[in-house]
$ cat data-v7.tsv   # TSV, N, CA, C and O atoms
chain	number	residue	atom	x	y	z
A	87	MET	N	17.79	23.62	-4.47
A	87	MET	CA	17.92	24.75	-3.58
A	87	MET	C	17.77	26.03	-4.40
A	87	MET	O	18.38	26.19	-5.43
A	88	ARG	N	16.96	26.94	-3.92
A	88	ARG	CA	16.78	28.23	-4.56
A	88	ARG	C	17.93	29.14	-4.16
A	88	ARG	O	18.34	29.17	-3.01
A	89	ARG	N	18.46	29.89	-5.08
A	89	ARG	CA	19.57	30.79	-4.79
A	89	ARG	C	19.04	32.19	-4.48
A	89	ARG	O	18.29	32.75	-5.26
A	90	VAL	N	19.45	32.72	-3.36
A	90	VAL	CA	19.08	34.08	-2.97
A	90	VAL	C	20.27	34.72	-2.29
A	90	VAL	O	21.20	34.05	-1.86
A	91	GLY	N	20.25	36.04	-2.14
A	91	GLY	CA	21.28	36.74	-1.38
A	91	GLY	C	22.69	36.40	-1.81
A	91	GLY	O	23.44	35.79	-1.05
A	92	HIS	N	23.09	36.75	-3.01
A	92	HIS	CA	24.43	36.48	-3.53
A	92	HIS	C	24.72	34.98	-3.61
A	92	HIS	O	25.81	34.53	-3.31
A	93	GLY	N	23.71	34.20	-3.94
A	93	GLY	CA	23.90	32.78	-4.17
A	93	GLY	C	24.01	31.93	-2.93
A	93	GLY	O	24.40	30.77	-2.99
A	94	ARG	N	23.66	32.47	-1.76
A	94	ARG	CA	23.82	31.70	-0.53
A	94	ARG	C	22.78	30.60	-0.41
A	94	ARG	O	23.01	29.61	0.26
A	95	GLY	N	21.63	30.77	-1.02
A	95	GLY	CA	20.61	29.72	-0.98
A	95	GLY	C	19.82	29.70	0.32
A	95	GLY	O	19.97	30.54	1.18
A	96	ASP	N	18.96	28.72	0.43
A	96	ASP	CA	18.08	28.57	1.59
A	96	ASP	C	18.76	27.72	2.65
A	96	ASP	O	18.33	26.63	2.98
A	97	GLN	N	19.83	28.21	3.22
A	97	GLN	CA	20.60	27.45	4.20
A	97	GLN	C	19.87	27.36	5.53
A	97	GLN	O	19.08	28.21	5.88
A	98	GLN	N	20.18	26.35	6.26
A	98	GLN	CA	19.67	26.19	7.61
A	98	GLN	C	20.55	27.02	8.54
A	98	GLN	O	21.69	27.31	8.23
A	99	PRO	N	20.03	27.41	9.73
A	99	PRO	CA	20.84	28.21	10.65
A	99	PRO	C	22.20	27.59	10.95
A	99	PRO	O	23.18	28.30	11.08
A	100	SER	N	22.28	26.28	11.03
A	100	SER	CA	23.56	25.64	11.34
A	100	SER	C	24.56	25.79	10.21
A	100	SER	O	25.76	25.61	10.41
A	101	GLU	N	24.08	26.13	9.00
A	101	GLU	CA	24.97	26.29	7.86
A	101	GLU	C	25.40	27.74	7.68
A	101	GLU	O	26.23	28.04	6.85
A	102	ARG	N	24.83	28.63	8.43
A	102	ARG	CA	25.14	30.05	8.30
A	102	ARG	C	26.47	30.35	8.97
A	102	ARG	O	26.99	29.58	9.74
A	103	LEU	N	26.98	31.52	8.69
A	103	LEU	CA	28.24	31.93	9.29
A	103	LEU	C	27.98	32.75	10.54
A	103	LEU	O	28.23	33.95	10.59
A	104	ASP	N	27.41	32.13	11.55
A	104	ASP	CA	27.13	32.81	12.81
A	104	ASP	C	28.43	33.08	13.55
A	104	ASP	O	29.39	32.30	13.46
A	105	PRO	N	28.47	34.18	14.30
A	105	PRO	CA	29.69	34.46	15.06
A	105	PRO	C	29.95	33.37	16.09
A	105	PRO	O	29.01	32.87	16.72
A	106	PRO	N	31.19	32.99	16.28
A	106	PRO	CA	31.52	31.98	17.28
A	106	PRO	C	31.11	32.45	18.68
A	106	PRO	O	31.17	33.63	19.00
A	107	ARG	N	30.70	31.51	19.50
A	107	ARG	CA	30.25	31.83	20.86
A	107	ARG	C	31.33	32.58	21.66
A	107	ARG	O	31.03	33.51	22.38
A	108	ARG	N	32.58	32.20	21.49
A	108	ARG	CA	33.65	32.85	22.25
A	108	ARG	C	33.75	34.33	21.89
A	108	ARG	O	34.02	35.17	22.75
A	109	LEU	N	33.51	34.68	20.61
A	109	LEU	CA	33.56	36.08	20.21
A	109	LEU	C	32.36	36.85	20.73
A	109	LEU	O	32.48	38.02	21.13
A	110	LEU	N	31.20	36.21	20.74
A	110	LEU	CA	30.02	36.86	21.32
A	110	LEU	C	30.23	37.15	22.80
A	110	LEU	O	29.89	38.22	23.29
A	111	ARG	N	30.80	36.19	23.51
A	111	ARG	CA	31.04	36.39	24.93
A	111	ARG	C	32.05	37.52	25.18
A	111	ARG	O	31.90	38.31	26.09
A	112	LYS	N	33.07	37.62	24.32
A	112	LYS	CA	34.03	38.72	24.44
A	112	LYS	C	33.35	40.06	24.16
A	112	LYS	O	33.64	41.06	24.81
A	113	ALA	N	32.45	40.07	23.20
A	113	ALA	CA	31.71	41.30	22.88
A	113	ALA	C	30.83	41.72	24.05
A	113	ALA	O	30.71	42.91	24.35
A	114	VAL	N	30.23	40.75	24.73
A	114	VAL	CA	29.42	41.05	25.92
A	114	VAL	C	30.32	41.68	26.98
A	114	VAL	O	29.98	42.72	27.57
A	115	GLU	N	31.48	41.09	27.22
A	115	GLU	CA	32.42	41.61	28.21
A	115	GLU	C	32.88	43.02	27.86
A	115	GLU	O	33.11	43.84	28.76
A	116	ALA	N	32.98	43.32	26.58
A	116	ALA	CA	33.45	44.64	26.13
A	116	ALA	C	32.36	45.70	26.16
A	116	ALA	O	32.63	46.87	25.90
A	117	GLY	N	31.12	45.30	26.46
A	117	GLY	CA	30.03	46.26	26.53
A	117	GLY	C	29.36	46.58	25.20
A	117	GLY	O	28.69	47.60	25.06
A	118	THR	N	29.54	45.73	24.23
A	118	THR	CA	28.99	45.93	22.89
A	118	THR	C	27.47	45.94	22.90
A	118	THR	O	26.84	45.21	23.65
A	119	LEU	N	26.88	46.76	22.03
A	119	LEU	CA	25.44	46.70	21.77
A	119	LEU	C	25.23	45.72	20.63
A	119	LEU	O	26.09	45.57	19.75
A	120	PHE	N	24.09	45.07	20.61
A	120	PHE	CA	23.81	44.02	19.64
A	120	PHE	C	22.53	44.30	18.88
A	120	PHE	O	21.66	45.02	19.35
A	121	SER	N	22.41	43.68	17.73
A	121	SER	CA	21.18	43.65	16.96
A	121	SER	C	20.97	42.21	16.52
A	121	SER	O	21.89	41.57	16.01
A	122	ILE	N	19.78	41.69	16.75
A	122	ILE	CA	19.47	40.34	16.30
A	122	ILE	C	18.59	40.46	15.08
A	122	ILE	O	17.51	41.02	15.13
A	123	ASP	N	19.09	39.95	13.97
A	123	ASP	CA	18.43	40.10	12.68
A	123	ASP	C	18.20	38.72	12.09
A	123	ASP	O	18.90	37.77	12.42
A	124	THR	N	17.23	38.63	11.21
A	124	THR	CA	16.98	37.34	10.56
A	124	THR	C	17.94	37.09	9.42
A	124	THR	O	18.18	35.96	9.05
A	125	ASP	N	18.47	38.15	8.82
A	125	ASP	CA	19.27	38.05	7.60
A	125	ASP	C	18.48	37.28	6.54
A	125	ASP	O	19.02	36.55	5.73
A	126	ALA	N	17.15	37.42	6.59
A	126	ALA	CA	16.27	36.65	5.71
A	126	ALA	C	16.25	37.22	4.31
A	126	ALA	O	16.13	38.42	4.11
A	127	HIS	N	16.37	36.33	3.36
A	127	HIS	CA	16.22	36.66	1.95
A	127	HIS	C	15.11	35.82	1.32
A	127	HIS	O	14.85	35.94	0.14
A	128	ALA	N	14.51	34.98	2.12
A	128	ALA	CA	13.40	34.13	1.67
A	128	ALA	C	12.53	33.85	2.90
A	128	ALA	O	13.04	33.82	4.03
A	129	PRO	N	11.23	33.66	2.72
A	129	PRO	CA	10.33	33.46	3.87
A	129	PRO	C	10.78	32.37	4.84
A	129	PRO	O	10.67	32.54	6.05
A	130	GLY	N	11.32	31.28	4.37
A	130	GLY	CA	11.74	30.20	5.25
A	130	GLY	C	12.89	30.57	6.16
A	130	GLY	O	13.13	29.92	7.18
A	131	GLN	N	13.59	31.63	5.84
A	131	GLN	CA	14.74	32.05	6.63
A	131	GLN	C	14.34	32.91	7.83
A	131	GLN	O	15.18	33.22	8.67
A	132	LEU	N	13.07	33.30	7.93
A	132	LEU	CA	12.63	34.11	9.06
A	132	LEU	C	12.81	33.36	10.38
A	132	LEU	O	12.95	33.98	11.43
A	133	ASP	N	12.83	32.04	10.33
A	133	ASP	CA	13.04	31.25	11.55
A	133	ASP	C	14.43	31.45	12.13
A	133	ASP	O	14.68	31.11	13.28
A	134	TRP	N	15.35	32.01	11.36
A	134	TRP	CA	16.71	32.22	11.85
A	134	TRP	C	16.74	33.17	13.04
A	134	TRP	O	17.67	33.13	13.84
A	135	GLN	N	15.74	34.05	13.16
A	135	GLN	CA	15.73	34.98	14.28
A	135	GLN	C	15.67	34.21	15.61
A	135	GLN	O	16.30	34.61	16.58
A	136	LEU	N	14.93	33.12	15.63
A	136	LEU	CA	14.88	32.30	16.84
A	136	LEU	C	16.27	31.76	17.18
A	136	LEU	O	16.67	31.72	18.35
A	137	SER	N	17.00	31.37	16.17
A	137	SER	CA	18.36	30.88	16.37
A	137	SER	C	19.25	31.99	16.93
A	137	SER	O	20.05	31.77	17.85
A	138	GLY	N	19.11	33.19	16.39
A	138	GLY	CA	19.90	34.32	16.87
A	138	GLY	C	19.57	34.67	18.31
A	138	GLY	O	20.47	34.97	19.11
A	139	CYS	N	18.28	34.62	18.66
A	139	CYS	CA	17.87	34.90	20.05
A	139	CYS	C	18.42	33.85	21.00
A	139	CYS	O	18.91	34.16	22.09
A	140	ALA	N	18.36	32.60	20.58
A	140	ALA	CA	18.87	31.51	21.42
A	140	ALA	C	20.38	31.65	21.62
A	140	ALA	O	20.90	31.47	22.73
A	141	ARG	N	21.10	32.01	20.56
A	141	ARG	CA	22.56	32.19	20.66
A	141	ARG	C	22.89	33.35	21.59
A	141	ARG	O	23.78	33.26	22.42
A	142	ALA	N	22.14	34.44	21.48
A	142	ALA	CA	22.38	35.60	22.34
A	142	ALA	C	22.14	35.24	23.80
A	142	ALA	O	22.94	35.58	24.68
A	143	GLU	N	21.06	34.54	24.07
A	143	GLU	CA	20.76	34.14	25.44
A	143	GLU	C	21.85	33.21	25.99
A	143	GLU	O	22.32	33.38	27.11
A	144	GLU	N	22.24	32.26	25.17
A	144	GLU	CA	23.28	31.30	25.57
A	144	GLU	C	24.60	31.98	25.91
A	144	GLU	O	25.33	31.56	26.81
A	145	CYS	N	24.90	33.07	25.20
A	145	CYS	CA	26.17	33.76	25.39
A	145	CYS	C	26.07	34.91	26.39
A	145	CYS	O	27.04	35.66	26.57
A	146	GLY	N	24.93	35.05	27.03
A	146	GLY	CA	24.79	36.05	28.09
A	146	GLY	C	24.59	37.47	27.62
A	146	GLY	O	24.95	38.41	28.34
A	147	VAL	N	24.03	37.66	26.43
A	147	VAL	CA	23.76	39.01	25.95
A	147	VAL	C	22.58	39.58	26.74
A	147	VAL	O	21.48	39.04	26.66
A	148	PRO	N	22.78	40.65	27.50
A	148	PRO	CA	21.68	41.24	28.26
A	148	PRO	C	20.63	41.84	27.32
A	148	PRO	O	20.98	42.50	26.34
A	149	ALA	N	19.37	41.61	27.61
A	149	ALA	CA	18.27	42.09	26.75
A	149	ALA	C	18.36	43.60	26.52
A	149	ALA	O	18.07	44.08	25.42
A	150	GLU	N	18.78	44.35	27.53
A	150	GLU	CA	18.83	45.81	27.38
A	150	GLU	C	19.93	46.27	26.43
A	150	GLU	O	19.98	47.44	26.04
A	151	ARG	N	20.81	45.37	26.02
A	151	ARG	CA	21.87	45.72	25.06
A	151	ARG	C	21.55	45.23	23.65
A	151	ARG	O	22.40	45.28	22.76
A	152	VAL	N	20.31	44.79	23.42
A	152	VAL	CA	19.88	44.36	22.08
A	152	VAL	C	19.06	45.49	21.48
A	152	VAL	O	17.90	45.71	21.85
A	153	LEU	N	19.67	46.23	20.56
A	153	LEU	CA	19.02	47.41	19.99
A	153	LEU	C	17.69	47.12	19.32
A	153	LEU	O	16.80	47.97	19.34
A	154	THR	N	17.54	45.97	18.74
A	154	THR	CA	16.32	45.67	18.01
A	154	THR	C	15.14	45.36	18.93
A	154	THR	O	14.07	45.02	18.45
A	155	THR	N	15.34	45.49	20.23
A	155	THR	CA	14.22	45.35	21.17
A	155	THR	C	13.86	46.70	21.78
A	155	THR	O	12.90	46.80	22.53
A	156	TRP	N	14.62	47.74	21.46
A	156	TRP	CA	14.38	49.06	22.03
A	156	TRP	C	13.18	49.72	21.36
A	156	TRP	O	12.89	49.50	20.17
A	157	SER	N	12.54	50.60	22.09
A	157	SER	CA	11.44	51.39	21.52
A	157	SER	C	12.04	52.46	20.60
A	157	SER	O	13.26	52.77	20.68
A	158	ALA	N	11.20	53.05	19.77
A	158	ALA	CA	11.67	54.12	18.88
A	158	ALA	C	12.25	55.27	19.69
A	158	ALA	O	13.28	55.85	19.33
A	159	GLU	N	11.62	55.60	20.82
A	159	GLU	CA	12.11	56.68	21.67
A	159	GLU	C	13.51	56.37	22.21
A	159	GLU	O	14.39	57.22	22.21
A	160	GLU	N	13.73	55.14	22.67
A	160	GLU	CA	15.04	54.74	23.17
A	160	GLU	C	16.11	54.84	22.08
A	160	GLU	O	17.22	55.32	22.32
A	161	LEU	N	15.76	54.38	20.87
A	161	LEU	CA	16.71	54.46	19.75
A	161	LEU	C	17.04	55.90	19.40
A	161	LEU	O	18.20	56.25	19.16
A	162	LEU	N	16.03	56.76	19.37
A	162	LEU	CA	16.27	58.16	19.04
A	162	LEU	C	17.12	58.84	20.10
A	162	LEU	O	18.02	59.63	19.78
A	163	ASP	N	16.86	58.53	21.37
A	163	ASP	CA	17.68	59.08	22.45
A	163	ASP	C	19.12	58.63	22.31
A	163	ASP	O	20.05	59.41	22.46
A	164	TRP	N	19.33	57.35	22.01
A	164	TRP	CA	20.68	56.82	21.87
A	164	TRP	C	21.41	57.46	20.69
A	164	TRP	O	22.58	57.84	20.81
A	165	THR	N	20.71	57.61	19.56
A	165	THR	CA	21.37	58.18	18.38
A	165	THR	C	21.66	59.66	18.55
A	165	THR	O	22.58	60.18	17.92
A	166	SER	N	20.92	60.34	19.43
A	166	SER	CA	21.17	61.76	19.66
A	166	SER	C	22.20	61.99	20.76
A	166	SER	O	22.54	63.11	21.07
A	167	GLY	N	22.66	60.90	21.39
A	167	GLY	CA	23.69	61.00	22.42
A	167	GLY	C	23.17	61.33	23.81
A	167	GLY	O	23.93	61.71	24.68
A	168	LYS	N	21.87	61.20	24.03
A	168	LYS	CA	21.29	61.50	25.36
A	168	LYS	C	21.62	60.43	26.36
A	168	LYS	O	21.72	59.29	26.09
$ encode --input "data-v7.tsv" --output "structure tokens"
Amino acid sequence: MRRVGHGRGDQQPSERLDPPRRLLRKAVEAGTLFSIDTDAHAPGQLDWQLSGCARAEECGVPAERVLTTWSAEELLDWTSGK
């Protein structure tokens, strides 16, 4: 195993420290905004984004609350408080 990102290595999505589903569901209920990231430190880890999208969908995260799907204009409006 190759070591990357503070020695975490090329772990599979199931080996990562993903947030528990119950906490994601509570965050949805609380109105939290989300970002789905690959947390990739090696090319093979880019597939983790699919896992993150699947987890978000499973936990009922509304697409409009995922910041990483917003346009640049939407992000700028949000950061300026509009």
$ residues_around --input "data-v7.tsv" --residues "A:Val114" --least-positions-apart "5" --cutoff "8 Å" --atoms "only N, CA, C and O atoms" --output "number ranges by chain"
A: 107-109, 119, 145-148
$ residues_around --input "data-v7.tsv" --residues "A:Cys139" --least-positions-apart "5" --cutoff "12 Å" --atoms "only C-alpha atoms" --output "list in words"
Pro99, Asp104, Phe120, Ser121, Ile122, Asp123, Thr124, Asp133, Trp134, Glu144, Cys145, Gly146, Val147, Pro148, Ala149, Val152, Thr154 and Thr155 of chain A
$ closest_residue --input "data-v7.tsv" --among "A:Thr118, A:Ser166, A:Pro105, A:Ala113" --to "A:Arg151" --atoms "only N, CA, C and O atoms"
A:Thr118
$ atom_distance --input "data-v7.tsv" --atom1 "atom CA of A:Gly130" --atom2 "atom CA of A:Leu110"
25.2 Å
$ atom_distance --input "data-v7.tsv" --atom1 "atom N of A:Asp163" --atom2 "atom CA of A:Asp125"
24.8 Å
$ build_atoms --input "data-v7.tsv" --residues "stretch 151-162 of chain A" --atoms "all heavy atoms" --output "JSON list (two decimals), in the coordinates of the input"
[["chain", "number", "residue", "atom", "x", "y", "z"],
["A", 151, "ARG", "N", 20.81, 45.37, 26.02],
["A", 151, "ARG", "CA", 21.87, 45.72, 25.06],
["A", 151, "ARG", "C", 21.55, 45.23, 23.65],
["A", 151, "ARG", "O", 22.40, 45.28, 22.76],
["A", 151, "ARG", "CB", 23.21, 45.17, 25.54],
["A", 151, "ARG", "CG", 23.61, 45.88, 26.83],
["A", 151, "ARG", "CD", 25.04, 46.01, 27.16],
["A", 151, "ARG", "NE", 26.01, 45.17, 26.53],
["A", 151, "ARG", "CZ", 26.87, 44.39, 27.19],
["A", 151, "ARG", "NH1", 26.84, 44.34, 28.51],
["A", 151, "ARG", "NH2", 27.75, 43.70, 26.55],
["A", 152, "VAL", "N", 20.31, 44.79, 23.42],
["A", 152, "VAL", "CA", 19.88, 44.36, 22.08],
["A", 152, "VAL", "C", 19.06, 45.49, 21.48],
["A", 152, "VAL", "O", 17.90, 45.71, 21.85],
["A", 152, "VAL", "CB", 19.07, 43.05, 22.14],
["A", 152, "VAL", "CG1", 18.63, 42.63, 20.74],
["A", 152, "VAL", "CG2", 19.89, 41.94, 22.80],
["A", 153, "LEU", "N", 19.67, 46.23, 20.56],
["A", 153, "LEU", "CA", 19.02, 47.41, 19.99],
["A", 153, "LEU", "C", 17.69, 47.12, 19.32],
["A", 153, "LEU", "O", 16.80, 47.97, 19.34],
["A", 153, "LEU", "CB", 19.95, 48.06, 18.95],
["A", 153, "LEU", "CG", 21.28, 48.60, 19.46],
["A", 153, "LEU", "CD1", 22.14, 49.07, 18.30],
["A", 153, "LEU", "CD2", 21.06, 49.71, 20.46],
["A", 154, "THR", "N", 17.54, 45.97, 18.74],
["A", 154, "THR", "CA", 16.32, 45.67, 18.01],
["A", 154, "THR", "C", 15.14, 45.36, 18.93],
["A", 154, "THR", "O", 14.07, 45.02, 18.45],
["A", 154, "THR", "CB", 16.54, 44.51, 17.00],
["A", 154, "THR", "OG1", 17.21, 43.44, 17.67],
["A", 154, "THR", "CG2", 17.34, 44.97, 15.82],
["A", 155, "THR", "N", 15.34, 45.49, 20.23],
["A", 155, "THR", "CA", 14.22, 45.35, 21.17],
["A", 155, "THR", "C", 13.86, 46.70, 21.78],
["A", 155, "THR", "O", 12.90, 46.80, 22.53],
["A", 155, "THR", "CB", 14.54, 44.37, 22.32],
["A", 155, "THR", "OG1", 15.61, 44.92, 23.12],
["A", 155, "THR", "CG2", 14.93, 43.01, 21.79],
["A", 156, "TRP", "N", 14.62, 47.74, 21.46],
["A", 156, "TRP", "CA", 14.38, 49.06, 22.03],
["A", 156, "TRP", "C", 13.18, 49.72, 21.36],
["A", 156, "TRP", "O", 12.89, 49.50, 20.17],
["A", 156, "TRP", "CB", 15.58, 49.95, 21.83],
["A", 156, "TRP", "CG", 16.79, 49.58, 22.65],
["A", 156, "TRP", "CD1", 16.95, 48.50, 23.46],
["A", 156, "TRP", "CD2", 18.01, 50.30, 22.69],
["A", 156, "TRP", "NE1", 18.20, 48.50, 24.01],
["A", 156, "TRP", "CE2", 18.88, 49.60, 23.57],
["A", 156, "TRP", "CE3", 18.46, 51.45, 22.09],
["A", 156, "TRP", "CZ2", 20.16, 50.03, 23.84],
["A", 156, "TRP", "CZ3", 19.75, 51.89, 22.37],
["A", 156, "TRP", "CH2", 20.58, 51.19, 23.24],
["A", 157, "SER", "N", 12.54, 50.60, 22.09],
["A", 157, "SER", "CA", 11.44, 51.39, 21.52],
["A", 157, "SER", "C", 12.04, 52.46, 20.60],
["A", 157, "SER", "O", 13.26, 52.77, 20.68],
["A", 157, "SER", "CB", 10.64, 52.07, 22.63],
["A", 157, "SER", "OG", 11.44, 53.07, 23.27],
["A", 158, "ALA", "N", 11.20, 53.05, 19.77],
["A", 158, "ALA", "CA", 11.67, 54.12, 18.88],
["A", 158, "ALA", "C", 12.25, 55.27, 19.69],
["A", 158, "ALA", "O", 13.28, 55.85, 19.33],
["A", 158, "ALA", "CB", 10.53, 54.61, 17.99],
["A", 159, "GLU", "N", 11.62, 55.60, 20.82],
["A", 159, "GLU", "CA", 12.11, 56.68, 21.67],
["A", 159, "GLU", "C", 13.51, 56.37, 22.21],
["A", 159, "GLU", "O", 14.39, 57.22, 22.21],
["A", 159, "GLU", "CB", 11.15, 56.91, 22.83],
["A", 159, "GLU", "CG", 11.55, 58.08, 23.72],
["A", 159, "GLU", "CD", 10.56, 58.32, 24.84],
["A", 159, "GLU", "OE1", 9.45, 57.77, 24.82],
["A", 159, "GLU", "OE2", 10.94, 59.08, 25.75],
["A", 160, "GLU", "N", 13.73, 55.14, 22.67],
["A", 160, "GLU", "CA", 15.04, 54.74, 23.17],
["A", 160, "GLU", "C", 16.11, 54.84, 22.08],
["A", 160, "GLU", "O", 17.22, 55.32, 22.32],
["A", 160, "GLU", "CB", 15.01, 53.32, 23.73],
["A", 160, "GLU", "CG", 14.24, 53.18, 25.02],
["A", 160, "GLU", "CD", 14.06, 51.73, 25.42],
["A", 160, "GLU", "OE1", 13.53, 50.94, 24.61],
["A", 160, "GLU", "OE2", 14.45, 51.40, 26.57],
["A", 161, "LEU", "N", 15.76, 54.38, 20.87],
["A", 161, "LEU", "CA", 16.71, 54.46, 19.75],
["A", 161, "LEU", "C", 17.04, 55.90, 19.40],
["A", 161, "LEU", "O", 18.20, 56.25, 19.16],
["A", 161, "LEU", "CB", 16.16, 53.73, 18.53],
["A", 161, "LEU", "CG", 16.23, 52.21, 18.57],
["A", 161, "LEU", "CD1", 15.42, 51.62, 17.42],
["A", 161, "LEU", "CD2", 17.67, 51.75, 18.51],
["A", 162, "LEU", "N", 16.03, 56.76, 19.37],
["A", 162, "LEU", "CA", 16.27, 58.16, 19.04],
["A", 162, "LEU", "C", 17.12, 58.84, 20.10],
["A", 162, "LEU", "O", 18.02, 59.63, 19.78],
["A", 162, "LEU", "CB", 14.94, 58.90, 18.85],
["A", 162, "LEU", "CG", 14.17, 58.52, 17.58],
["A", 162, "LEU", "CD1", 12.78, 59.13, 17.61],
["A", 162, "LEU", "CD2", 14.93, 58.94, 16.34]]
